[in-house]
Amino acid sequence: MAREDTASGGTAQDDSGHDFIRDIVRADLETGRIKQVITRFPPEPNGYLHIGHAKSICLNFGLAEEFGGRCHLRFDDTNPAKEAQEYVDAIQRDVRWLGFDWGEHLYFASDYFEQLYAWAEDLIRAGLAYVDDQSQEEIRANRGTLTEPGRDSPYRGRSVAENLDLFRRMRAGEFPNGARVLRAKIDMASGNINLRDPVLYRILHLPHPRTGTAWKIYPSYDFAHGQSDAIEHVTHSICTLEFEDHRPLYDWFIEHLDVPSRPRQYEFARLNLTHTVLSKRVLTRLVQEGHVTGWDDPRMPTLAGLRRRGVPAEAIRDFVKRIGVAKANSLVDIGMLDFSIRNVLNRRALRRMAVLRPLKVVIENYPEGKVEELEAANHPDDASAGVRKIPFSRELYIERDDFMEQPPKKFFRLSPGSEVRLRYAYFIRCTGVVRNSAGEVEELRCRYDPATRGGNAPDGRKVRATIHWVSAAHSLPAEVRLINPLFRTPVPSGGDDFAADLNPHSLEVLGGARIEPALADSSDAAPVQFERQGYFCRDPDSRPDRPVFNRTVGLRDSFAKELAKGGDPAQGA
RNA sequence: UGGGGCGUAGCCAAGCGGUAAGGCAGCGGAUUUUGAUUCCGCGAUGCGGAGGUUCGAAUCCUCCCGCCCCAGCCA
């Protein structure tokens with residue numbers, strides 16, 4: 001379970017923290033209640049994992065790592081109507097990618113169907129479960145409301161023999177879907193609605209991805225989850241807050257059944273992120289209705305999407321560490337995630353130059369046909385990353401944003417008459433502007449100072465800005481995709497009307513970008529920083545002649561902040 | 001108006017009767033061939049509110065207020 005690339009200096013402090021769950025585990029170990037901590041991450045294979053799951057994965061696997069225990073990966077595959085093998089595969093891939101290893105401990109709730117069935121019969125024999133013939137509507141009507149107790153089912157008093165017979169015939173497939181259910185006999189008047197005779201088994205004539213057509217009845221989550229934990233000797237069954245009032249039911253099964261261990265359930269607050277929806281239902285619709293290109297669309301908060309966007313697993317772990325674990329509902333600013341991404345990528349990404357929106361520059365006093373190879377550092381804070389050569393010539397491209405004809409007071413970049421440094425190259429001064437027929441700036445005429453080669457002036461004069469550039473003839477064309485928040489509202493509704501909150505600018509495609517030759521290797525999957533712009537990675541849509549880069553996250557931009565105080569983050573750059 | 005939870009700075013979050021950690025964001029400043037990074041400094045006489053217990057309360061008690069979850073044969 002060890003990870004090689006654990007965050008070092010600068011990342012969140014890696015003491016195991018003191019959240020309430022770690023405190024409980026620590027105490028259980030100290031008092032000897034348990035010898036070893038055993039947790040599990042229990043996804044239902046009905047969708048892809050997202051960053052909210054990452055919180056749970058890091059918690060469960062992290063606990064096991066920190067306290068020398070183990071963590072299982074168990075699929076809660078009790079509802080064949082929604083589940084698929086594709087999701088089982090994707091989930092395993094994503095957990096591994098996040099940096100965790102379940103070793104031999106891969107399980108499926110469906111592995112336990114036979115045992116669960118046997119326990120259901122035990123409950124019947126003990127007079128604690130019965131077959132109910134009521135329709136779904138009748139059951140609902142008799143469940144009562146939040147303030148009124150429910151009414152007992154007319155079938156609640158059936159004999160053990162009759163219940164056993166009926167339940168066996170349910171298993172045998174003698175009844176159609178919905179005809180009967182097996183219910184626990186607990187308390188129809190309980191203030192906790194989960195205790196009003198919850199459904200244990202329902203009839204579902206549906207093939208299961210793993211058990212095929214062997215079963216015609218499937219256990220409910222409540223009946224499967226705790227017992228599965230017990231079978232695996234899970235010590236701490238960690239789930240989210242909405243299961244808090246299932247805990248009495250969880251404990252009821254553990255008490256009344258002859259289970260091999262007694263797990264305890266603890267609940268923590270799930271992750272909420274601004275400008276993000278983490279509802280599997282909505283994410284599934286985004287994919288199915290084509291609002292995004294797939295589960296791995298770089299705009300998606302799925303692990304597959306984040307990975308494709310270029311977010312390192314380490315950044316997600318760093319983020320999760322920073323947000324902590326508690327019971328208070330909270331809404332984390334998406335900027336926190338951006339911070340963790342930059343934090344990791346700043347250390348890791350090699351620097352390169354790329355011009356996203358090119359503006360041609362002709363250096364009038366630079367000889368035609370001449371090419372120089374200038375040396376540039378691959379990482380400003382890490383000499384061991386080495387250097388590369390960048391070709392310089394008479395015709396260049398610079399970023400359109402780096403030139404303004406009528407610059408405001410605090411604009412230090414290029415403007416008519418001003419001098420700037422071309423990074424790792426020369427000082428240049430703008431001497432003229434060439435326009436097209438529409439009057440738009442089409443080209444800049446500049447003069448360079450040959451004495452400033454490499455970027456330093458022997459006379460000690462300073463420039464106020466350094467801008468990036470590429471040689472027109474030597475640079476390569478590329479497509480650059482700017483990934484912006486999928487939702488424009490800070491707190492999207494997440495309801496059926498989710499589409500109204502979608503950010504129309506979530507994806508900006510820049511078709512005319514130019515990248516320096518060092519970026520030519522199309523097999524290089526390493527993250528890079530396009531200097532002064534952000535962190536990027538190659539998208540799988542790349543073709544050898546047509547590289548495509550995703551902007552993982554932009555660099556902090558205090559100048560932009562200065563210009564547009566309180567801008568709209570959904571708008572992007 | 002039933003049951004279960006939760007309220008500490010703009011956002012996360014420590015704190016467990018001894019006098020409010022840390023991070024993100026923000027704001028200053030230093031360094032800088034990325035307006036990046038890095039570094040330094042700044043924020044609660046106050047912990048949802050009101051009472052009470054105590055030498056001492058964010059921590060204990062009482063009442064009140066606010067927010068979240070639960071009425072699937074989903075998980």
# chains A, B, ... in the order shown; residues from 1 in each chain; ligands from 1
call {"tool": "interface_residues", "arguments": {"of": "chain B", "to": "chain A", "cutoff": "9 Å", "atoms": "only C-alpha atoms (C1' of nucleotides)", "output": "count of residues only"}}
result
27
call {"tool": "residues_around", "arguments": {"residues": "B:U53", "least_positions_apart": "3", "cutoff": "12 Å", "atoms": "only C-alpha atoms (C1' of nucleotides)", "output": "VMD selection string"}}
result
chain B and resid 17 56 to 57 60 to 62
call {"tool": "atom_distance", "arguments": {"atom1": "atom CA of A:Cys430", "atom2": "atom CA of A:Gly417"}}
result
5.1 Å
call {"tool": "select_by_dssp", "arguments": {"residues": "stretch 77-259 of chain A", "states": "strand (DSSP E)", "output": "list in words"}}
result
Leu106, Tyr107, Phe108, Ala129, Tyr130, Val131, Asp132, Val181, Leu182, Arg183, Ala184, Val199, Leu200, Tyr201, Arg202, Ile203, Ile217, Tyr218, Pro219, His236, Ser237, Ile238, Cys239 and Thr240 of chain A
call {"tool": "write_last_selection", "arguments": {"atoms": "N, CA and C atoms", "output": "PDB file, in the first residue's frame"}}
result
ATOM      1  N   LEU A 106     -10.204  -7.915  -2.800  1.00  0.00           N
ATOM      2  CA  LEU A 106     -11.245  -7.433  -3.705  1.00  0.00           C
ATOM      3  C   LEU A 106     -12.485  -8.296  -3.488  1.00  0.00           C
ATOM      4  N   TYR A 107     -13.572  -7.643  -3.112  1.00  0.00           N
ATOM      5  CA  TYR A 107     -14.781  -8.397  -2.805  1.00  0.00           C
ATOM      6  C   TYR A 107     -16.004  -7.797  -3.483  1.00  0.00           C
ATOM      7  N   PHE A 108     -17.043  -8.609  -3.503  1.00  0.00           N
ATOM      8  CA  PHE A 108     -18.320  -8.171  -4.050  1.00  0.00           C
ATOM      9  C   PHE A 108     -19.409  -8.595  -3.085  1.00  0.00           C
ATOM     10  N   ALA A 129     -38.761 -11.649  10.566  1.00  0.00           N
ATOM     11  CA  ALA A 129     -38.935 -11.201   9.190  1.00  0.00           C
ATOM     12  C   ALA A 129     -40.157 -11.890   8.608  1.00  0.00           C
ATOM     13  N   TYR A 130     -40.797 -11.225   7.653  1.00  0.00           N
ATOM     14  CA  TYR A 130     -41.997 -11.797   7.058  1.00  0.00           C
ATOM     15  C   TYR A 130     -42.120 -11.385   5.605  1.00  0.00           C
ATOM     16  N   VAL A 131     -42.834 -12.209   4.879  1.00  0.00           N
ATOM     17  CA  VAL A 131     -43.083 -11.898   3.473  1.00  0.00           C
ATOM     18  C   VAL A 131     -44.337 -11.035   3.402  1.00  0.00           C
ATOM     19  N   ASP A 132     -44.207  -9.917   2.707  1.00  0.00           N
ATOM     20  CA  ASP A 132     -45.328  -8.980   2.609  1.00  0.00           C
ATOM     21  C   ASP A 132     -45.860  -8.984   1.184  1.00  0.00           C
ATOM     22  N   VAL A 181     -42.277  -8.833  -1.045  1.00  0.00           N
ATOM     23  CA  VAL A 181     -40.943  -8.517  -0.528  1.00  0.00           C
ATOM     24  C   VAL A 181     -40.770  -9.204   0.819  1.00  0.00           C
ATOM     25  N   LEU A 182     -39.524  -9.363   1.201  1.00  0.00           N
ATOM     26  CA  LEU A 182     -39.263  -9.826   2.564  1.00  0.00           C
ATOM     27  C   LEU A 182     -38.959  -8.597   3.392  1.00  0.00           C
ATOM     28  N   ARG A 183     -39.612  -8.482   4.539  1.00  0.00           N
ATOM     29  CA  ARG A 183     -39.409  -7.333   5.415  1.00  0.00           C
ATOM     30  C   ARG A 183     -38.958  -7.772   6.812  1.00  0.00           C
ATOM     31  N   ALA A 184     -38.159  -6.935   7.417  1.00  0.00           N
ATOM     32  CA  ALA A 184     -37.815  -7.186   8.814  1.00  0.00           C
ATOM     33  C   ALA A 184     -39.000  -6.772   9.666  1.00  0.00           C
ATOM     34  N   VAL A 199     -37.480  -3.166   3.957  1.00  0.00           N
ATOM     35  CA  VAL A 199     -37.433  -4.248   2.970  1.00  0.00           C
ATOM     36  C   VAL A 199     -36.035  -4.883   2.964  1.00  0.00           C
ATOM     37  N   LEU A 200     -36.024  -6.198   3.021  1.00  0.00           N
ATOM     38  CA  LEU A 200     -34.764  -6.934   3.019  1.00  0.00           C
ATOM     39  C   LEU A 200     -34.443  -7.510   1.641  1.00  0.00           C
ATOM     40  N   TYR A 201     -35.488  -8.023   1.011  1.00  0.00           N
ATOM     41  CA  TYR A 201     -35.320  -8.613  -0.322  1.00  0.00           C
ATOM     42  C   TYR A 201     -36.456  -8.187  -1.229  1.00  0.00           C
ATOM     43  N   ARG A 202     -36.106  -7.933  -2.483  1.00  0.00           N
ATOM     44  CA  ARG A 202     -37.137  -7.664  -3.484  1.00  0.00           C
ATOM     45  C   ARG A 202     -36.939  -8.617  -4.650  1.00  0.00           C
ATOM     46  N   ILE A 203     -38.048  -8.885  -5.342  1.00  0.00           N
ATOM     47  CA  ILE A 203     -37.988  -9.778  -6.499  1.00  0.00           C
ATOM     48  C   ILE A 203     -37.535  -8.963  -7.709  1.00  0.00           C
ATOM     49  N   ILE A 217     -34.133 -12.881  -6.612  1.00  0.00           N
ATOM     50  CA  ILE A 217     -34.357 -11.909  -5.539  1.00  0.00           C
ATOM     51  C   ILE A 217     -33.000 -11.310  -5.177  1.00  0.00           C
ATOM     52  N   TYR A 218     -33.012 -10.051  -4.807  1.00  0.00           N
ATOM     53  CA  TYR A 218     -31.767  -9.385  -4.449  1.00  0.00           C
ATOM     54  C   TYR A 218     -31.919  -8.657  -3.120  1.00  0.00           C
ATOM     55  N   PRO A 219     -30.893  -8.703  -2.282  1.00  0.00           N
ATOM     56  CA  PRO A 219     -30.971  -8.055  -0.978  1.00  0.00           C
ATOM     57  C   PRO A 219     -30.877  -6.539  -1.121  1.00  0.00           C
ATOM     58  N   HIS A 236     -14.152  -0.788  11.211  1.00  0.00           N
ATOM     59  CA  HIS A 236     -14.747   0.537  11.163  1.00  0.00           C
ATOM     60  C   HIS A 236     -15.383   0.736   9.805  1.00  0.00           C
ATOM     61  N   SER A 237     -16.692   0.759   9.805  1.00  0.00           N
ATOM     62  CA  SER A 237     -17.441   0.878   8.563  1.00  0.00           C
ATOM     63  C   SER A 237     -17.802   2.346   8.376  1.00  0.00           C
ATOM     64  N   ILE A 238     -17.033   2.999   7.525  1.00  0.00           N
ATOM     65  CA  ILE A 238     -17.147   4.451   7.420  1.00  0.00           C
ATOM     66  C   ILE A 238     -17.996   4.851   6.226  1.00  0.00           C
ATOM     67  N   CYS A 239     -18.999   5.680   6.489  1.00  0.00           N
ATOM     68  CA  CYS A 239     -19.891   6.090   5.414  1.00  0.00           C
ATOM     69  C   CYS A 239     -20.263   7.554   5.613  1.00  0.00           C
ATOM     70  N   THR A 240     -21.096   8.052   4.720  1.00  0.00           N
ATOM     71  CA  THR A 240     -21.453   9.463   4.803  1.00  0.00           C
ATOM     72  C   THR A 240     -22.691   9.685   5.671  1.00  0.00           C
TER      73      THR A 240
END
call {"tool": "select_by_dssp", "arguments": {"residues": "stretch 67-282 of chain A", "states": "alpha helix (DSSP H)", "output": "PyMOL selection string"}}
result
chain A and resi 85-98+113-125+136-142+160-172+221-231+247-256+280-282
call {"tool": "write_last_selection", "arguments": {"atoms": "C-alpha atoms", "output": "JSON list (two decimals), in the first residue's frame"}}
result
[["chain", "number", "residue", "atom", "x", "y", "z"],
["A", 85, "GLN", "CA", -19.06, -4.39, -15.50],
["A", 86, "GLU", "CA", -17.78, -1.23, -17.21],
["A", 87, "TYR", "CA", -18.12, 0.56, -13.89],
["A", 88, "VAL", "CA", -16.42, -2.23, -11.96],
["A", 89, "ASP", "CA", -13.41, -1.92, -14.26],
["A", 90, "ALA", "CA", -13.36, 1.88, -14.22],
["A", 91, "ILE", "CA", -13.57, 2.01, -10.43],
["A", 92, "GLN", "CA", -10.63, -0.33, -9.96],
["A", 93, "ARG", "CA", -8.57, 1.64, -12.45],
["A", 94, "ASP", "CA", -9.38, 4.90, -10.66],
["A", 95, "VAL", "CA", -8.64, 3.65, -7.15],
["A", 96, "ARG", "CA", -5.28, 2.33, -8.32],
["A", 97, "TRP", "CA", -4.54, 5.55, -10.11],
["A", 98, "LEU", "CA", -5.32, 7.51, -6.96],
["A", 113, "PHE", "CA", -25.63, -13.67, -1.64],
["A", 114, "GLU", "CA", -25.89, -17.27, -0.42],
["A", 115, "GLN", "CA", -24.90, -16.37, 3.12],
["A", 116, "LEU", "CA", -27.19, -13.36, 3.15],
["A", 117, "TYR", "CA", -30.03, -15.55, 2.02],
["A", 118, "ALA", "CA", -29.32, -17.99, 4.82],
["A", 119, "TRP", "CA", -29.38, -15.16, 7.33],
["A", 120, "ALA", "CA", -32.70, -13.99, 5.95],
["A", 121, "GLU", "CA", -34.14, -17.43, 6.63],
["A", 122, "ASP", "CA", -32.68, -17.26, 10.13],
["A", 123, "LEU", "CA", -34.57, -14.04, 10.69],
["A", 124, "ILE", "CA", -37.77, -15.64, 9.46],
["A", 125, "ARG", "CA", -37.28, -18.60, 11.76],
["A", 136, "GLN", "CA", -45.36, -0.96, -3.41],
["A", 137, "GLU", "CA", -48.06, 1.69, -3.14],
["A", 138, "GLU", "CA", -49.66, 0.01, -0.16],
["A", 139, "ILE", "CA", -46.37, -0.29, 1.61],
["A", 140, "ARG", "CA", -45.71, 3.37, 1.05],
["A", 141, "ALA", "CA", -49.17, 4.34, 2.22],
["A", 142, "ASN", "CA", -48.83, 2.25, 5.37],
["A", 160, "VAL", "CA", -42.84, -19.00, 10.17],
["A", 161, "ALA", "CA", -43.68, -21.93, 7.92],
["A", 162, "GLU", "CA", -45.69, -19.82, 5.52],
["A", 163, "ASN", "CA", -43.01, -17.12, 5.43],
["A", 164, "LEU", "CA", -40.31, -19.69, 4.77],
["A", 165, "ASP", "CA", -42.34, -21.29, 2.00],
["A", 166, "LEU", "CA", -43.11, -17.97, 0.36],
["A", 167, "PHE", "CA", -39.56, -16.70, 0.64],
["A", 168, "ARG", "CA", -38.20, -19.89, -0.90],
["A", 169, "ARG", "CA", -40.66, -19.57, -3.73],
["A", 170, "MET", "CA", -39.59, -15.95, -4.19],
["A", 171, "ARG", "CA", -36.07, -17.23, -4.60],
["A", 172, "ALA", "CA", -37.27, -19.91, -7.00],
["A", 221, "TYR", "CA", -28.45, -2.18, 0.75],
["A", 222, "ASP", "CA", -29.41, -2.26, 4.42],
["A", 223, "PHE", "CA", -29.52, -6.02, 4.56],
["A", 224, "ALA", "CA", -26.31, -6.48, 2.61],
["A", 225, "HIS", "CA", -23.97, -3.80, 3.80],
["A", 226, "GLY", "CA", -23.41, -4.42, 7.49],
["A", 227, "GLN", "CA", -23.33, -8.18, 7.14],
["A", 228, "SER", "CA", -20.82, -7.89, 4.32],
["A", 229, "ASP", "CA", -18.70, -5.80, 6.64],
["A", 230, "ALA", "CA", -19.04, -8.46, 9.31],
["A", 231, "ILE", "CA", -18.05, -11.24, 6.93],
["A", 247, "ARG", "CA", -27.04, 2.87, 11.97],
["A", 248, "PRO", "CA", -29.71, 1.51, 14.34],
["A", 249, "LEU", "CA", -30.76, -0.84, 11.57],
["A", 250, "TYR", "CA", -27.15, -1.74, 10.82],
["A", 251, "ASP", "CA", -26.72, -2.62, 14.49],
["A", 252, "TRP", "CA", -30.03, -4.48, 14.61],
["A", 253, "PHE", "CA", -28.87, -6.96, 11.98],
["A", 254, "ILE", "CA", -25.49, -7.38, 13.63],
["A", 255, "GLU", "CA", -27.22, -8.13, 16.93],
["A", 256, "HIS", "CA", -29.86, -10.51, 15.63],
["A", 280, "LYS", "CA", -24.07, 10.45, -9.60],
["A", 281, "ARG", "CA", -27.50, 11.01, -11.04],
["A", 282, "VAL", "CA", -26.53, 14.35, -12.54]]
call {"tool": "closest_residue", "arguments": {"among": "A:Asp401, A:Tyr48, A:Asp521, A:Arg357", "to": "A:Gly294", "atoms": "only C-alpha atoms"}}
result
A:Tyr48
